[in-house]
Amino acid sequence: MSASAPLTPLELIQEQPEVDRLTLPTGTTVFRAGETVQYIHVIERGWVELSSGPLNRIRFGPSELFFYEDLIDTTECHSRDATAVTPVSLFRLSRTNFLALIHRHPTLVLQLLSKQHNRLRQQRTDARHFY
């Protein structure tokens with residue numbers, strides 16, 4: 001008997017009955033810095049850029065969840081603007097329902113930490129090429 005692979009964050013979120021599915025055109029603002037964090041988002045298709053200035057940008061693509069870091073900030077506000085840089089299809093789940101999902105599926109936290117660790121490792125690798 002083989003164990004099945006754990007569900008991805010996209011799969012876990014899209015199966016939640018409370019989830020909203022959004023389809024947005026290029027240039028749409030998903031949220032702005034300073035707004036209260038109400039939802040967690042996971043991309044099905046397309047790319048979203050989060051920015052807090054011209055030199056502080058990060059892009060998220062298919063199957064990536066954003067911006068869960070704002071959930072733990074004591075201000076409970078978004079730290080960046082989020083803009084669709086391509087047509088995007090995404091799912092959003094309320095903050096309360098996302099926290100309940102983590103309670104039911106604690107391994108989701110490990111998946112998110114692993115993805116964040118890989119992103120940071122890539123940034124360090126990329127930074128070695130600049131002097």
# chains A, B, ... in the order shown; residues from 1 in each chain; ligands from 1
call {"tool": "residues_around", "arguments": {"residues": "segment 78-83 of chain A", "least_positions_apart": "4", "cutoff": "10 Å", "atoms": "only C-alpha atoms", "output": "PyMOL selection string"}}
result
chain A and resi 24-38+47-53+56-60+66-71+73+88
call {"tool": "residues_around", "arguments": {"residues": "Gly61 of chain A", "least_positions_apart": "6", "cutoff": "12 Å", "atoms": "only C-alpha atoms", "output": "PyMOL selection string"}}
result
chain A and resi 10+41-50+84-90
call {"tool": "closest_residue", "arguments": {"among": "A:Thr75, A:Asn97, A:Thr107, A:Gln116", "to": "Ile13 of chain A", "atoms": "only C-alpha atoms"}}
result
A:Asn97
call {"tool": "select_by_dssp", "arguments": {"residues": "segment 8-48 of chain A", "states": "strand (DSSP E)", "output": "list in words"}}
result
Asp20, Arg21, Leu22, Thr23, Leu24, Thr29, Val30, Phe31, Tyr39, Ile40, His41, Val42, Ile43, Glu44, Arg45 and Val48 of chain A
call {"tool": "closest_residue", "arguments": {"among": "A:Leu113, A:Leu55, A:Leu93, A:Cys77", "to": "Val19 of chain A", "atoms": "only C-alpha atoms"}}
result
A:Leu93
call {"tool": "closest_residue", "arguments": {"among": "A:Asn118, A:Val109, A:Ser94, A:Ser63", "to": "Gln16 of chain A", "atoms": "only C-alpha atoms"}}
result
A:Ser94
call {"tool": "closest_residue", "arguments": {"among": "A:Glu76, A:Glu64, A:Arg92, A:Leu112", "to": "Asp20 of chain A", "atoms": "only C-alpha atoms"}}
result
A:Arg92
call {"tool": "closest_residue", "arguments": {"among": "A:Leu110, A:Ile72, A:Leu101, A:Leu65", "to": "Pro9 of chain A", "atoms": "only C-alpha atoms"}}
result
A:Leu65
call {"tool": "select_by_dssp", "arguments": {"residues": "chain A", "states": "helix (DSSP H, G or I)", "output": "ChimeraX atom specification"}}
result
/A:9-14,69-72,95-104,107-127
call {"tool": "atom_distance", "arguments": {"atom1": "atom CA of Leu12 of chain A", "atom2": "atom CA of His103 of chain A"}}
result
12.5 Å
call {"tool": "decode", "arguments": {"residues": "segment 9-42 of chain A", "atoms": "N, CA, C and O atoms", "output": "mmCIF file, in the first residue's frame"}}
result
data_model
loop_
_atom_site.group_PDB
_atom_site.id
_atom_site.type_symbol
_atom_site.label_atom_id
_atom_site.label_comp_id
_atom_site.auth_asym_id
_atom_site.auth_seq_id
_atom_site.Cartn_x
_atom_site.Cartn_y
_atom_site.Cartn_z
ATOM 1 N N PRO A 9 -0.447 23.413 -1.753
ATOM 2 C CA PRO A 9 -1.250 24.538 -1.255
ATOM 3 C C PRO A 9 -2.396 24.901 -2.210
ATOM 4 O O PRO A 9 -3.515 25.157 -1.765
ATOM 5 N N LEU A 10 -2.147 24.873 -3.520
ATOM 6 C CA LEU A 10 -3.193 25.165 -4.501
ATOM 7 C C LEU A 10 -4.344 24.167 -4.364
ATOM 8 O O LEU A 10 -5.513 24.549 -4.300
ATOM 9 N N GLU A 11 -4.019 22.891 -4.301
ATOM 10 C CA GLU A 11 -5.051 21.855 -4.190
ATOM 11 C C GLU A 11 -5.838 21.983 -2.889
ATOM 12 O O GLU A 11 -7.069 21.857 -2.877
ATOM 13 N N LEU A 12 -5.135 22.240 -1.781
ATOM 14 C CA LEU A 12 -5.801 22.386 -0.491
ATOM 15 C C LEU A 12 -6.757 23.576 -0.488
ATOM 16 O O LEU A 12 -7.886 23.475 -0.016
ATOM 17 N N ILE A 13 -6.294 24.689 -1.024
ATOM 18 C CA ILE A 13 -7.118 25.899 -0.987
ATOM 19 C C ILE A 13 -8.286 25.802 -1.952
ATOM 20 O O ILE A 13 -9.409 26.162 -1.611
ATOM 21 N N GLN A 14 -8.055 25.300 -3.160
ATOM 22 C CA GLN A 14 -9.151 25.270 -4.124
ATOM 23 C C GLN A 14 -10.257 24.299 -3.736
ATOM 24 O O GLN A 14 -11.385 24.432 -4.199
ATOM 25 N N GLU A 15 -9.976 23.348 -2.843
ATOM 26 C CA GLU A 15 -11.028 22.425 -2.424
ATOM 27 C C GLU A 15 -11.849 22.948 -1.245
ATOM 28 O O GLU A 15 -12.832 22.325 -0.853
ATOM 29 N N GLN A 16 -11.479 24.105 -0.707
ATOM 30 C CA GLN A 16 -12.221 24.667 0.416
ATOM 31 C C GLN A 16 -13.558 25.239 -0.068
ATOM 32 O O GLN A 16 -13.602 25.963 -1.066
ATOM 33 N N PRO A 17 -14.656 24.942 0.629
ATOM 34 C CA PRO A 17 -15.963 25.429 0.165
ATOM 35 C C PRO A 17 -16.089 26.952 0.206
ATOM 36 O O PRO A 17 -16.862 27.530 -0.549
ATOM 37 N N GLU A 18 -15.299 27.617 1.036
ATOM 38 C CA GLU A 18 -15.401 29.072 1.194
ATOM 39 C C GLU A 18 -14.517 29.843 0.224
ATOM 40 O O GLU A 18 -14.447 31.065 0.270
ATOM 41 N N VAL A 19 -13.803 29.169 -0.669
ATOM 42 C CA VAL A 19 -12.832 29.814 -1.540
ATOM 43 C C VAL A 19 -13.520 30.604 -2.651
ATOM 44 O O VAL A 19 -14.586 30.233 -3.130
ATOM 45 N N ASP A 20 -12.921 31.728 -3.035
ATOM 46 C CA ASP A 20 -13.379 32.522 -4.178
ATOM 47 C C ASP A 20 -12.391 32.315 -5.313
ATOM 48 O O ASP A 20 -11.170 32.296 -5.083
ATOM 49 N N ARG A 21 -12.911 32.197 -6.536
ATOM 50 C CA ARG A 21 -12.044 32.100 -7.705
ATOM 51 C C ARG A 21 -12.142 33.413 -8.470
ATOM 52 O O ARG A 21 -13.241 33.893 -8.732
ATOM 53 N N LEU A 22 -10.994 34.007 -8.776
ATOM 54 C CA LEU A 22 -10.942 35.279 -9.485
ATOM 55 C C LEU A 22 -10.165 35.125 -10.779
ATOM 56 O O LEU A 22 -9.143 34.437 -10.822
ATOM 57 N N THR A 23 -10.630 35.786 -11.820
ATOM 58 C CA THR A 23 -9.905 35.887 -13.077
ATOM 59 C C THR A 23 -9.703 37.376 -13.327
ATOM 60 O O THR A 23 -10.688 38.129 -13.409
ATOM 61 N N LEU A 24 -8.444 37.799 -13.411
ATOM 62 C CA LEU A 24 -8.120 39.229 -13.489
ATOM 63 C C LEU A 24 -7.278 39.528 -14.724
ATOM 64 O O LEU A 24 -6.364 38.774 -15.050
ATOM 65 N N PRO A 25 -7.516 40.658 -15.378
ATOM 66 C CA PRO A 25 -6.692 41.041 -16.517
ATOM 67 C C PRO A 25 -5.365 41.654 -16.060
ATOM 68 O O PRO A 25 -5.220 42.076 -14.910
ATOM 69 N N THR A 26 -4.431 41.728 -16.972
ATOM 70 C CA THR A 26 -3.139 42.372 -16.714
ATOM 71 C C THR A 26 -3.360 43.782 -16.180
ATOM 72 O O THR A 26 -4.219 44.509 -16.680
ATOM 73 N N GLY A 27 -2.591 44.147 -15.168
ATOM 74 C CA GLY A 27 -2.656 45.497 -14.604
ATOM 75 C C GLY A 27 -3.605 45.646 -13.435
ATOM 76 O O GLY A 27 -3.615 46.689 -12.771
ATOM 77 N N THR A 28 -4.382 44.628 -13.132
ATOM 78 C CA THR A 28 -5.332 44.706 -12.023
ATOM 79 C C THR A 28 -4.598 44.697 -10.689
ATOM 80 O O THR A 28 -3.676 43.911 -10.480
ATOM 81 N N THR A 29 -5.012 45.579 -9.789
ATOM 82 C CA THR A 29 -4.474 45.590 -8.435
ATOM 83 C C THR A 29 -5.229 44.547 -7.610
ATOM 84 O O THR A 29 -6.456 44.589 -7.527
ATOM 85 N N VAL A 30 -4.480 43.617 -7.029
ATOM 86 C CA VAL A 30 -5.071 42.578 -6.182
ATOM 87 C C VAL A 30 -5.280 43.146 -4.779
ATOM 88 O O VAL A 30 -6.334 42.967 -4.175
ATOM 89 N N PHE A 31 -4.272 43.847 -4.259
ATOM 90 C CA PHE A 31 -4.376 44.587 -3.009
ATOM 91 C C PHE A 31 -3.265 45.624 -2.966
ATOM 92 O O PHE A 31 -2.327 45.570 -3.751
ATOM 93 N N ARG A 32 -3.402 46.592 -2.060
ATOM 94 C CA ARG A 32 -2.424 47.681 -1.918
ATOM 95 C C ARG A 32 -1.776 47.634 -0.533
ATOM 96 O O ARG A 32 -2.403 47.192 0.439
ATOM 97 N N ALA A 33 -0.543 48.112 -0.475
ATOM 98 C CA ALA A 33 0.148 48.232 0.804
ATOM 99 C C ALA A 33 -0.697 49.102 1.731
ATOM 100 O O ALA A 33 -1.275 50.106 1.305
ATOM 101 N N GLY A 34 -0.785 48.676 2.986
ATOM 102 C CA GLY A 34 -1.547 49.422 3.975
ATOM 103 C C GLY A 34 -2.962 48.921 4.158
ATOM 104 O O GLY A 34 -3.582 49.197 5.199
ATOM 105 N N GLU A 35 -3.497 48.186 3.172
ATOM 106 C CA GLU A 35 -4.836 47.632 3.329
ATOM 107 C C GLU A 35 -4.798 46.485 4.331
ATOM 108 O O GLU A 35 -3.799 45.769 4.447
ATOM 109 N N THR A 36 -5.901 46.302 5.034
ATOM 110 C CA THR A 36 -6.015 45.209 5.993
ATOM 111 C C THR A 36 -5.938 43.871 5.255
ATOM 112 O O THR A 36 -6.538 43.702 4.197
ATOM 113 N N VAL A 37 -5.185 42.935 5.825
ATOM 114 C CA VAL A 37 -5.070 41.602 5.248
ATOM 115 C C VAL A 37 -6.390 40.869 5.480
ATOM 116 O O VAL A 37 -6.771 40.615 6.618
ATOM 117 N N GLN A 38 -7.083 40.564 4.388
ATOM 118 C CA GLN A 38 -8.357 39.866 4.496
ATOM 119 C C GLN A 38 -8.314 38.478 3.871
ATOM 120 O O GLN A 38 -9.098 37.616 4.241
ATOM 121 N N TYR A 39 -7.399 38.272 2.918
ATOM 122 C CA TYR A 39 -7.362 37.021 2.165
ATOM 123 C C TYR A 39 -5.929 36.548 1.963
ATOM 124 O O TYR A 39 -4.993 37.334 1.953
ATOM 125 N N ILE A 40 -5.816 35.262 1.739
ATOM 126 C CA ILE A 40 -4.594 34.660 1.235
ATOM 127 C C ILE A 40 -4.915 34.260 -0.198
ATOM 128 O O ILE A 40 -6.040 33.895 -0.514
ATOM 129 N N HIS A 41 -3.930 34.376 -1.093
ATOM 130 C CA HIS A 41 -4.149 34.110 -2.514
ATOM 131 C C HIS A 41 -3.213 33.009 -2.990
ATOM 132 O O HIS A 41 -2.065 32.941 -2.558
ATOM 133 N N VAL A 42 -3.700 32.196 -3.907
ATOM 134 C CA VAL A 42 -2.858 31.191 -4.555
ATOM 135 C C VAL A 42 -3.164 31.265 -6.044
ATOM 136 O O VAL A 42 -4.320 31.332 -6.455
#
